[in-house]
Structures are given as C-alpha cells and as structure tokens.
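Shown next: coords.txt, given as compact mmCIF, C-alpha atoms.
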```txt
# COMPACT_ATOMS: atom_id res chain seq x y z
CA MET A 1 79.80 98.55 98.52
CA SER A 2 82.54 98.76 101.12
CA HIS A 3 83.26 100.09 104.55
CA GLU A 4 82.92 103.88 104.66
CA THR A 5 86.45 104.93 103.84
CA VAL A 6 87.54 106.63 100.70
CA SER A 7 91.29 106.54 100.56
CA ASN A 8 91.55 102.93 101.70
CA SER A 9 89.34 99.89 101.71
CA ILE A 10 88.87 97.45 104.56
CA GLY A 11 88.35 93.85 103.55
CA MET A 12 84.97 92.20 103.87
CA PRO A 13 84.34 88.55 104.70
CA ASP A 14 83.24 86.14 101.94
CA TYR A 15 79.76 85.71 103.39
CA VAL A 16 79.00 89.33 102.51
CA LEU A 17 79.38 88.46 98.83
CA ASP A 18 77.05 85.50 99.25
CA ALA A 19 74.53 87.66 101.10
CA VAL A 20 74.56 90.30 98.38
CA ARG A 21 74.12 87.72 95.64
CA SER A 22 71.01 86.46 97.36
CA MET A 23 69.45 89.94 97.79
CA GLN A 24 66.29 90.86 95.95
CA GLY A 25 66.93 92.97 92.89
CA VAL A 26 70.54 91.85 92.43
CA LYS A 27 71.31 90.47 88.98
CA TYR A 28 74.82 89.48 89.88
CA ALA A 29 77.61 90.51 92.27
CA VAL A 30 81.35 89.97 92.02
CA PRO A 31 84.25 90.63 94.34
CA LEU A 32 86.98 93.21 93.66
CA TYR A 33 90.34 93.35 95.37
CA SER A 34 92.37 96.54 95.74
CA GLY A 35 95.66 96.66 97.52
CA GLY A 36 99.25 97.77 97.43
CA ALA A 37 102.36 95.84 96.57
CA LEU A 38 106.02 96.34 95.73
CA VAL A 39 107.47 95.67 92.29
CA LYS A 40 111.17 95.05 92.00
CA LEU A 41 112.63 96.94 89.07
CA ALA A 42 115.50 95.82 86.83
CA ASP A 43 117.94 98.11 88.62
CA GLY A 44 117.08 96.54 91.95
CA ASN A 45 114.94 99.42 93.20
CA TYR A 46 111.39 98.91 94.39
CA GLN A 47 108.31 100.70 93.18
CA SER A 48 104.97 100.75 94.97
CA VAL A 49 102.03 99.74 92.83
CA THR A 50 98.29 99.43 93.26
CA VAL A 51 96.94 96.01 92.37
CA VAL A 52 93.33 95.51 91.42
CA GLY A 53 92.01 91.96 91.42
CA LEU A 54 89.06 91.39 89.07
CA ASP A 55 86.52 88.62 89.46
CA ASP A 56 88.03 85.58 87.73
CA THR A 57 84.87 84.55 85.92
CA SER A 58 83.54 87.82 84.59
CA LEU A 59 86.52 90.24 84.84
CA TYR A 60 83.82 92.75 85.71
CA GLY A 61 85.33 96.21 86.13
CA ARG A 62 88.13 95.56 83.66
CA PRO A 63 89.77 98.56 81.97
CA GLU A 64 89.79 99.21 78.25
CA LEU A 65 92.89 97.78 76.61
CA ILE A 66 95.00 99.65 74.09
CA GLU A 67 97.46 96.79 73.65
CA GLY A 68 97.13 93.08 74.18
CA ASN A 69 94.18 90.79 74.75
CA ILE A 70 92.17 90.83 77.98
CA GLN A 71 91.98 87.03 77.92
CA ASP A 72 95.75 86.93 78.39
CA ILE A 73 95.15 88.01 81.98
CA TYR A 74 94.38 84.34 82.58
CA ALA A 75 97.81 83.37 81.30
CA GLU A 76 100.40 82.41 83.82
CA ASN A 77 101.34 85.45 85.95
CA GLY A 78 99.32 87.74 83.67
CA PHE A 79 98.90 91.41 84.63
CA ILE A 80 97.41 94.39 82.84
CA LEU A 81 99.27 97.68 83.34
CA VAL A 82 97.44 100.98 83.12
CA LYS A 83 99.10 103.56 80.90
CA ASP A 84 98.70 106.69 82.96
CA ALA A 85 101.04 109.33 84.32
CA GLU A 86 102.70 106.74 86.56
CA TYR A 87 103.36 104.24 83.77
CA SER A 88 106.97 105.30 83.35
CA LYS A 89 107.71 104.43 86.97
CA LEU A 90 107.78 100.77 85.95
CA GLU A 91 110.39 101.65 83.32
CA ASN A 92 107.90 101.84 80.44
CA PRO A 93 107.20 98.14 80.06
CA HIS A 94 105.49 96.63 77.05
CA VAL A 95 103.39 93.53 76.48
CA GLY A 96 105.57 90.59 77.45
CA SER A 97 107.74 92.49 79.93
CA GLN A 98 108.44 90.59 83.11
CA PHE A 99 108.72 91.90 86.62
CA GLU A 100 108.85 90.71 90.18
CA LEU A 101 106.01 91.38 92.56
CA ASN A 102 106.38 90.25 96.14
CA ASP A 103 108.78 87.53 95.01
CA HIS A 104 106.31 86.35 92.40
CA ARG A 105 106.90 86.59 88.69
CA GLY A 106 104.59 88.85 86.76
CA VAL A 107 104.17 89.26 83.02
CA ILE A 108 102.55 92.23 81.31
CA ALA A 109 99.72 90.75 79.27
CA GLY A 110 98.20 94.03 78.19
CA ILE A 111 98.35 97.81 78.45
CA ALA A 112 95.13 99.60 79.43
CA ARG A 113 93.73 103.06 78.99
CA VAL A 114 92.28 104.75 82.02
CA ALA A 115 89.74 107.55 82.43
CA THR A 116 91.85 109.47 84.92
CA SER A 117 95.15 108.82 86.61
CA GLY A 118 95.29 107.39 90.08
CA LEU A 119 95.39 109.59 93.11
CA TYR A 120 98.35 108.11 94.88
CA GLY A 121 101.09 108.48 92.32
CA THR A 122 101.60 104.74 91.89
CA PRO A 123 101.23 102.57 88.80
CA THR A 124 98.12 100.41 88.65
CA LEU A 125 98.12 96.73 87.75
CA TYR A 126 95.05 94.61 87.07
CA THR A 127 94.98 90.87 87.48
CA THR A 128 92.53 88.18 88.52
CA TYR A 129 91.11 88.22 92.03
CA LYS A 130 92.57 84.80 92.89
CA ARG A 131 96.05 85.78 91.70
CA ALA A 132 95.92 89.09 93.57
CA ILE A 133 95.10 87.49 96.91
CA GLN A 134 97.65 84.78 96.22
CA TYR A 135 100.53 87.12 95.35
CA ILE A 136 99.95 89.84 97.89
CA PRO A 137 100.10 89.28 101.63
CA ASN A 138 96.67 90.02 102.98
CA PRO A 139 94.61 90.19 106.12
CA ARG A 140 91.99 87.55 106.70
CA PHE A 141 89.28 89.26 104.65
CA THR A 142 90.23 90.09 101.09
CA ILE A 143 87.12 91.47 99.38
CA SER A 144 87.72 95.22 99.06
CA TYR A 145 84.56 95.92 97.10
CA VAL A 146 81.56 94.02 95.85
CA LEU A 147 80.50 95.15 92.41
CA VAL A 148 76.77 94.78 92.00
CA GLU A 149 74.64 94.77 88.85
CA PRO A 150 70.98 95.42 89.70
CA LYS A 151 68.20 93.77 87.74
CA SER A 152 66.86 97.23 86.99
CA ALA A 153 67.46 100.81 88.08
CA SER A 154 64.36 100.70 90.24
CA ASP A 155 65.97 97.95 92.35
CA ILE A 156 68.82 100.21 93.44
CA PRO A 157 67.10 101.77 96.49
CA ARG A 158 65.99 98.34 97.71
CA ILE A 159 69.48 96.91 97.29
CA LYS A 160 70.92 99.84 99.22
CA GLN A 161 68.49 99.21 102.02
CA GLN A 162 69.37 95.55 102.23
CA VAL A 163 73.09 96.31 102.20
CA GLU A 164 72.70 98.85 104.98
CA ALA A 165 70.84 96.28 107.01
CA LEU A 166 73.98 94.16 106.75
CA GLY A 167 76.01 97.02 108.19
CA TYR A 168 77.63 98.16 104.95
CA ARG A 169 76.94 100.92 102.47
CA ALA A 170 76.09 100.66 98.79
CA ARG A 171 76.76 103.47 96.32
CA THR A 172 76.11 103.83 92.65
CA LYS A 173 79.07 104.64 90.43
CA GLU A 174 78.17 108.33 90.37
CA GLU A 175 77.70 108.45 94.16
CA PHE A 176 81.03 106.71 94.67
CA MET A 177 82.80 109.18 92.40
CA LYS A 178 81.13 112.11 94.17
CA ARG A 179 82.01 110.76 97.59
CA THR A 180 85.65 110.31 96.56
CA GLU A 181 85.73 113.76 95.05
CA ASP A 182 84.20 115.38 98.14
CA PHE A 183 86.56 113.52 100.42
CA PHE A 184 89.67 114.79 98.71
CA ILE A 185 88.33 118.31 98.27
CA TYR A 186 86.75 118.85 101.68
CA GLU A 187 88.21 116.31 104.08
CA THR A 188 91.89 116.52 103.20
CA GLY A 189 94.03 119.61 102.98
CA GLY A 190 94.19 119.39 99.21
CA GLY A 191 91.08 121.34 98.33
CA THR A 192 91.64 124.04 100.94
CA ASN A 193 95.27 124.47 99.92
CA MET A 194 94.35 124.83 96.28
CA LEU A 195 91.62 127.33 97.13
CA ILE A 196 93.93 129.44 99.28
CA MET A 197 96.65 129.33 96.64
CA THR A 198 94.20 130.34 93.93
CA LEU A 199 92.78 133.18 95.99
CA MET A 200 96.22 134.47 96.89
CA SER A 201 97.40 134.29 93.28
CA PHE A 202 94.28 136.06 92.13
CA ILE A 203 94.58 138.85 94.71
CA VAL A 204 98.29 139.36 94.06
CA GLY A 205 97.81 139.24 90.30
CA LEU A 206 94.87 141.61 90.45
CA SER A 207 96.79 144.06 92.66
CA ILE A 208 99.83 144.09 90.42
CA SER A 209 97.92 144.41 87.19
CA GLY A 210 95.56 146.95 88.73
CA GLN A 211 98.47 149.02 89.94
CA THR A 212 100.16 148.76 86.55
CA PHE A 213 97.09 149.94 84.72
CA TYR A 214 96.45 152.70 87.22
CA THR A 215 99.97 153.99 86.64
CA PHE A 216 99.50 153.68 82.90
CA ILE A 217 96.33 155.77 83.04
CA LEU A 218 97.98 158.44 85.19
CA GLU A 219 100.95 158.67 82.85
CA ASN A 220 98.70 159.07 79.85
CA LEU A 221 96.10 161.35 81.41
CA GLU A 222 97.16 164.27 79.23
CA ARG A 223 96.71 162.26 76.09
CA PHE A 224 93.34 161.00 77.20
CA GLY A 225 92.43 164.63 77.88
CA ALA A 226 93.61 165.65 74.42
CA LEU A 227 91.55 162.88 72.83
CA LYS A 228 88.54 163.92 74.87
CA ALA A 229 88.99 167.54 73.82
CA ILE A 230 89.27 166.58 70.15
CA GLY A 231 85.91 164.82 70.42
CA THR A 232 86.40 161.28 71.66
CA LYS A 233 83.47 160.06 73.70
CA SER A 234 84.04 158.71 77.20
CA ARG A 235 82.82 155.26 76.23
CA ASP A 236 85.35 155.12 73.39
CA LEU A 237 88.14 155.92 75.80
CA ILE A 238 86.87 153.21 78.16
CA ARG A 239 86.70 150.78 75.25
CA MET A 240 90.32 151.59 74.37
CA ILE A 241 91.43 150.93 77.92
CA LEU A 242 89.43 147.71 78.18
CA PHE A 243 90.89 146.49 74.90
CA GLN A 244 94.39 147.15 76.15
CA ALA A 245 93.62 145.46 79.45
CA SER A 246 92.08 142.41 77.75
CA PHE A 247 94.94 142.10 75.28
CA THR A 248 97.48 142.35 78.07
CA ALA A 249 95.54 139.88 80.22
CA LEU A 250 95.27 137.30 77.45
CA THR A 251 98.92 137.67 76.56
CA GLY A 252 99.91 137.39 80.19
CA TYR A 253 97.66 134.38 80.68
CA GLY A 254 99.09 132.67 77.63
CA LEU A 255 102.66 133.39 78.65
CA GLY A 256 101.95 132.27 82.20
CA VAL A 257 100.39 128.99 81.16
CA GLY A 258 103.12 128.43 78.58
CA LEU A 259 105.87 129.06 81.10
CA CYS A 260 104.18 126.75 83.58
CA VAL A 261 103.93 124.00 80.97
CA LEU A 262 107.59 124.46 80.06
CA LEU A 263 108.68 124.28 83.68
CA ILE A 264 106.65 121.13 84.32
CA TYR A 265 108.07 119.57 81.16
CA LEU A 266 111.63 120.41 82.20
CA ALA A 267 111.03 119.21 85.74
CA ARG A 268 109.67 115.88 84.52
CA LEU A 269 112.72 115.41 82.30
CA ARG A 270 114.86 115.59 85.36
CA LEU A 271 112.45 113.98 87.82
CA PRO A 272 110.17 111.47 86.08
CA SER A 273 108.06 111.10 89.21
CA TYR A 274 107.53 114.86 89.55
CA ALA A 275 104.00 115.33 90.82
CA ALA A 276 102.61 117.44 88.01
CA MET A 277 101.55 116.70 84.48
CA VAL A 278 100.39 118.53 81.41
CA THR A 279 97.23 117.47 79.66
CA PHE A 280 95.66 119.10 76.64
CA ASP A 281 92.25 117.65 77.18
CA ASN A 282 90.40 115.84 79.92
CA GLN A 283 92.42 112.65 79.64
CA MET B 1 74.59 179.33 58.41
CA PRO B 2 74.52 182.24 60.87
CA GLU B 3 77.21 184.87 60.46
CA THR B 4 78.06 184.90 64.14
CA ALA B 5 80.42 182.01 64.85
CA ILE B 6 80.75 182.45 68.59
CA GLN B 7 78.37 184.20 70.93
CA ALA B 8 79.05 184.01 74.63
CA SER B 9 77.43 186.02 77.43
CA GLY B 10 77.45 186.21 81.20
CA LEU B 11 80.17 183.60 81.58
CA VAL B 12 81.14 182.88 85.17
CA LYS B 13 83.69 180.26 86.15
CA SER B 14 85.21 179.72 89.56
CA PHE B 15 87.49 177.10 91.04
CA GLY B 16 87.61 175.93 94.63
CA GLU B 17 85.28 176.58 97.55
CA GLY B 18 85.05 178.99 100.46
CA GLU B 19 88.19 180.96 101.18
CA ALA B 20 90.09 179.09 98.46
CA LYS B 21 87.60 180.08 95.79
CA THR B 22 89.17 181.68 92.72
CA MET B 23 87.03 183.58 90.24
CA ALA B 24 88.56 182.83 86.85
CA LEU B 25 85.76 184.39 84.76
CA LYS B 26 83.30 186.99 85.99
CA ASP B 27 80.47 187.95 83.68
CA VAL B 28 82.53 187.55 80.49
CA GLY B 29 81.01 187.96 77.04
CA LEU B 30 82.45 187.45 73.57
CA GLU B 31 81.30 187.61 69.99
CA ALA B 32 83.19 186.51 66.92
CA GLN B 33 82.11 186.37 63.28
CA PHE B 34 83.02 183.86 60.62
CA GLY B 35 86.16 184.87 58.78
CA GLU B 36 87.28 186.95 61.72
CA MET B 37 90.55 186.29 63.53
CA VAL B 38 90.31 187.00 67.25
CA TYR B 39 93.26 187.22 69.64
CA ILE B 40 92.65 186.85 73.36
CA VAL B 41 95.54 188.39 75.20
CA GLY B 42 96.22 189.06 78.84
CA PRO B 43 98.72 188.52 81.60
CA SER B 44 99.38 185.08 82.98
CA GLY B 45 96.51 183.95 85.22
CA SER B 46 93.98 186.33 83.72
CA GLY B 47 91.66 183.52 82.57
CA LYS B 48 92.55 183.13 78.89
CA THR B 49 92.81 179.35 78.95
CA THR B 50 89.69 179.10 81.11
CA LEU B 51 87.74 181.24 78.67
CA LEU B 52 88.89 179.17 75.70
CA SER B 53 88.05 175.97 77.56
CA VAL B 54 84.56 177.24 78.29
CA LEU B 55 84.03 178.46 74.74
CA THR B 56 85.12 175.15 73.22
CA GLY B 57 83.06 172.89 75.45
CA ILE B 58 85.86 171.53 77.61
CA LEU B 59 85.07 173.30 80.88
CA LYS B 60 81.47 173.89 81.94
CA PRO B 61 80.82 177.42 83.24
CA ASN B 62 79.06 178.08 86.52
CA ALA B 63 76.80 180.47 84.68
CA GLY B 64 76.35 181.95 81.23
CA ARG B 65 75.71 180.73 77.74
CA VAL B 66 77.87 179.82 74.78
CA LEU B 67 76.43 179.62 71.30
CA LEU B 68 78.60 178.19 68.55
CA GLU B 69 77.01 178.53 65.15
CA GLY B 70 73.80 179.21 67.03
CA VAL B 71 74.00 175.99 69.04
CA ASP B 72 73.94 176.26 72.84
CA ILE B 73 76.78 173.83 73.46
CA TRP B 74 76.18 173.56 77.19
CA GLY B 75 72.66 172.38 76.53
CA LEU B 76 73.96 169.36 74.64
CA SER B 77 74.49 165.92 76.12
CA ALA B 78 78.04 164.68 76.66
CA ASP B 79 77.99 162.61 73.47
CA GLN B 80 76.45 165.42 71.44
CA LEU B 81 79.08 167.84 72.76
CA ALA B 82 81.86 165.38 71.87
CA ASP B 83 80.48 165.05 68.35
CA PHE B 84 80.17 168.81 68.07
CA ARG B 85 83.76 169.35 69.12
CA LEU B 86 84.94 166.69 66.70
CA ALA B 87 83.03 168.21 63.82
CA LYS B 88 83.33 171.94 64.45
CA ILE B 89 86.33 172.78 66.63
CA GLY B 90 90.02 172.37 65.98
CA PHE B 91 92.57 172.44 68.81
CA VAL B 92 96.21 173.35 68.99
CA PHE B 93 97.18 172.67 72.56
CA GLN B 94 99.57 174.84 74.50
CA ASP B 95 101.71 171.80 75.32
CA TYR B 96 101.01 170.19 71.94
CA HIS B 97 99.89 166.86 73.53
CA LEU B 98 101.11 164.91 70.54
CA PHE B 99 101.24 161.13 70.53
CA PRO B 100 104.91 160.16 70.42
CA ARG B 101 104.25 156.72 68.92
CA LEU B 102 102.42 158.24 65.95
CA THR B 103 103.98 160.04 62.99
CA THR B 104 103.27 163.69 62.29
CA ALA B 105 100.71 162.78 59.65
CA GLU B 106 99.02 160.30 61.99
CA ASN B 107 98.79 162.90 64.74
CA VAL B 108 97.18 165.34 62.33
CA ALA B 109 94.81 162.64 61.07
CA ILE B 110 93.45 161.72 64.51
CA PRO B 111 90.21 163.73 64.22
CA LEU B 112 89.51 162.14 60.83
CA ILE B 113 90.13 158.67 62.23
CA LEU B 114 87.84 159.44 65.14
CA ARG B 115 85.19 160.23 62.55
CA ASP B 116 85.57 156.64 61.25
CA LYS B 117 87.17 157.81 58.07
CA ASP B 118 89.35 155.28 56.21
CA TRP B 119 92.90 155.21 57.61
CA GLY B 120 94.62 155.63 54.25
CA GLU B 121 92.35 158.47 53.22
CA SER B 122 92.85 160.20 56.57
CA ILE B 123 96.64 160.05 56.26
CA HIS B 124 96.44 161.30 52.69
CA GLU B 125 94.32 164.27 53.72
CA ALA B 126 96.61 165.01 56.64
CA GLU B 127 99.63 165.01 54.35
CA LYS B 128 97.81 167.38 52.02
CA TYR B 129 97.35 169.91 54.81
CA LEU B 130 100.86 169.40 56.08
CA ASP B 131 101.99 170.34 52.61
CA VAL B 132 99.89 173.50 52.82
CA VAL B 133 101.82 174.60 55.92
CA GLY B 134 105.16 173.44 54.56
CA LEU B 135 105.60 170.42 56.80
CA LYS B 136 105.13 167.63 54.28
CA SER B 137 108.75 166.54 54.70
CA ARG B 138 108.04 165.75 58.35
CA ALA B 139 104.93 163.71 57.66
CA GLU B 140 106.62 160.31 58.26
CA LEU B 141 108.69 161.44 61.19
CA TYR B 142 107.99 160.78 64.85
CA ARG B 143 108.03 163.44 67.52
```
Just give me the structure as structure tokens.
Amino acid sequence: MSHETVSNSIGMPDYVLDAVRSMQGVKYAVPLYSGGALVKLADGNYQSVTVVGLDDTSLYGRPELIEGNIQDIYAENGFILVKDAEYSKLENPHVGSQFELNDHRGVIAGIARVATSGLYGTPTLYTTYKRAIQYIPNPRFTISYVLVEPKSASDIPRIKQQVEALGYRARTKEEFMKRTEDFFIYETGGGTNMLIMTLMSFIVGLSISGQTFYTFILENLERFGALKAIGTKSRDLIRMILFQASFTALTGYGLGVGLCVLLIYLARLRLPSYAAMVTFDNQ
Amino acid sequence: MPETAIQASGLVKSFGEGEAKTMALKDVGLEAQFGEMVYIVGPSGSGKTTLLSVLTGILKPNAGRVLLEGVDIWGLSADQLADFRLAKIGFVFQDYHLFPRLTTAENVAIPLILRDKDWGESIHEAEKYLDVVGLKSRAELYR
C-alpha cells in the first residue's frame, strides 16, 4: 500500500504500519523504503542509484541472489546490487567492491538477479531498512510501502477496505504491476509515442513494399500472362506471388532486426548508458 | 478420339463500347482435322491473333462456340480450361515470352513442370525435343 502515485512514492508515518499490523486478516506487515541516492564512482563522477530498504527482520521482498549470501546484507555497510542493464554504470562491481553513497561507505555483499530492469535507467541497490533511512537524507516519514501478507486470499478484500478507511490504497502484486504498466502506457507520453512510431513505420513500410510489389507485378505481367496461357491456374499464380512476398518480408524482417541489434550493440560500446538493450528472451 | 480437332462456329468478338467499339471477329467459323496444318493469314489488324486467342481459350468470345476434340472449351470452368490448355494446347508466342532467368531447356520444360512432373525428368524430355529441332547445344544457355 502507498499513496496513489506510480513513478514516485510518498512516505507514510510509522503509525500506518502499526495500524496495518493490527488489521483483521493481516498475517504480517513490513515496511519498505524506496528512494534515490548518489554513488561516488572511482573516477570521481557521481551516479544516481535507486535504494530499496528491506525490513531488517524478515528481508521480505528481497531479490534472488546470483552471487553472495543474503545474510551478508547485515554486515557492516552491506548492499546488494541488482545485475540488470544499469549494472555497468557502477563500473561492474563484484562482491566485496566498495563505494561511497552520500558520504557513507558501502560494500557490495551480493549480486542479485531481477525479473525486469528498472524503469529509470539507474542501478538498484538493496539494503536494510534501517541502513537506508540512516544513509539517505529523508523527509520525516520514511515508509514508502507496507508489504502485507494476508492470512488467506479471502482476507484480501477486507484488508483493502480497512486500508482505504485509513486513507490509503492497498493493491495485490498483480494489481500493482498492472497499475504501473497502465500508468506508463496511458498516462505518460511513452505508450502514445511508441504507438505512433509503430503505426508510422507500418504505414511507410507497407506503402514501400506494396509499391515495390506492384511494380514487380506490372513488369512481369507478360510472363504471368504466358504462364496463364500455358495452363497455370490463377490460384497458382497468386501462390507464387504470396510466396515471393512472404520470403521477401521474412528476409527483410530478419535483416531489419539484425541491423537494429547491430546498431544498438555498437551504440552501447560507445555509450554504455545508451537507452536501448538487446534481449533474446523475456529477461 | 474424334477426327475433327477444332470446330468453331459463329464466333463474335468485339472490344470497347459505343463509338469506340471495334469488331475483331464477326461470325467466324473454322474447322481443322487432326494431322492437318492450317495457316491463318491476313493483313495486320484483321483479327488473326484474336481468333487464335479465342480458339485456344485465352479470350472469351461474345458469341459462338469452340469445340476442341469435341469439348466446348467455353463451357468449362476456369480451372478446367487451364487444365485443358496445359494438356492439349501448345503455344509459341509472337513475342516469345521466355523467362530470362531460365535456360532454354527449362523454358521448354515449363508445361511439364506445371503438370507436377519431376524436374529432372522434365528437363530430360525437354532436351530430347530440343535435339529433335536441332537446338540441343543451346539447352543450357540463357536467353
């Protein structure tokens, strides 16, 4: 639960956590911090990062580690770094690497896998809730989210009702994902821009390829006529043309995608923070 | 098999409408027997190509009937007519209409390939007939 914003969270007072813990149907509830900070790199430059503070006791909401031990997050200045598309912006650290965050020392205690990359183009660091609010300058209220585990699925509607009575909103994981998705697609320019770009590309591509094939048919009309006269059926001629069109389309599609991948790869060699990436599956 | 190969009667074919209407064929009839060689001669624009197109199932007449081997070709469906042309009629076009990306043998073999005959066999048969007309040396050449 949080205030109704998607791209940012507004802190909630501590009593909200206590109120939620005492609600009927709640098995347990933990706080989650989410905020931004600046990491000082070895070359003296600064890099924005997103810091997520997990409940100290349960570490509820922790990511899956691919390197290191989650318990090491309790070690002095321990942070978990997510290995996503933004990982290289912190100069590809490894377990044990040290960095400076808001004049505090940080140590990479683990590297985590993530389901999808972040939306803001910044690396993501996980640490404990107490360390996060200690290291990062904050407003008075520091709880960005309260993560709730219901006693059973049937308690969810009742919990939502109780939360709304408090003046907040509760969403399940799926609802939260959908709300975030809808926000970025429909309430920012991103979705509309992509749609317009796709439509324009489709129309232009269709026009060019349509024109090309029309010209091809005109130039070969005599030969089609000869084939027809010899005894080729109309549907066979159509099949020939469709085969050619499909073959050309697939080849063009493959070349187009390949060229795009190559260009992104080359761009990222030159500009590591280039805002595009190539994935071969949904990771 | 009937002795009469081609029997055409009352053929009428016009192009255009109204004042621009051109009568290419007006009540034309023709009969040809098997084994007979028929020459259709006439000045340019007299309707020779139109007549041949109508007789071979390429152009549909406005009126009249064409029987090839006793079959009324203009009573057939489009697919049946295509099959009939493929099986019974051979064409040598005025402008050749050869396929430049195919060899001589491949051009000759097209009707066989259209009849789903094996590619190798079709080429072999084409080369055999090219040999008959003295063009075997050009079988592998392009246009």
*chain A contacts on chain B, all atoms listed in the file, 9 Å, as an MDAnalysis selection string*: chainID B and resid 56:58 78:79 81:87 89:91 93 97:99 110:111 114
*CA of Ser9 (chain A) to CA of Tyr33 (chain A), distance in Å rounded to a single decimal*: 9.2 Å
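Taking CA of Ile123 (chain B) as the reference point, CA of Asp95 (chain B) is found at 23.0 Å.
Note that the spacing between CA of Tyr74 (chain A) and CA of Thr50 (chain A) amounts to 18.9 Å.
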Padded axis-aligned box of region 103-112 of chain B (4 Å per side), centre and edge lengths, Å, one decimal, as lines of an AutoDock Vina configuration file:
```
center_x = 96.7
center_y = 162.7
center_z = 62.2
size_x = 22.5
size_y = 13.3
size_z = 13.1
```
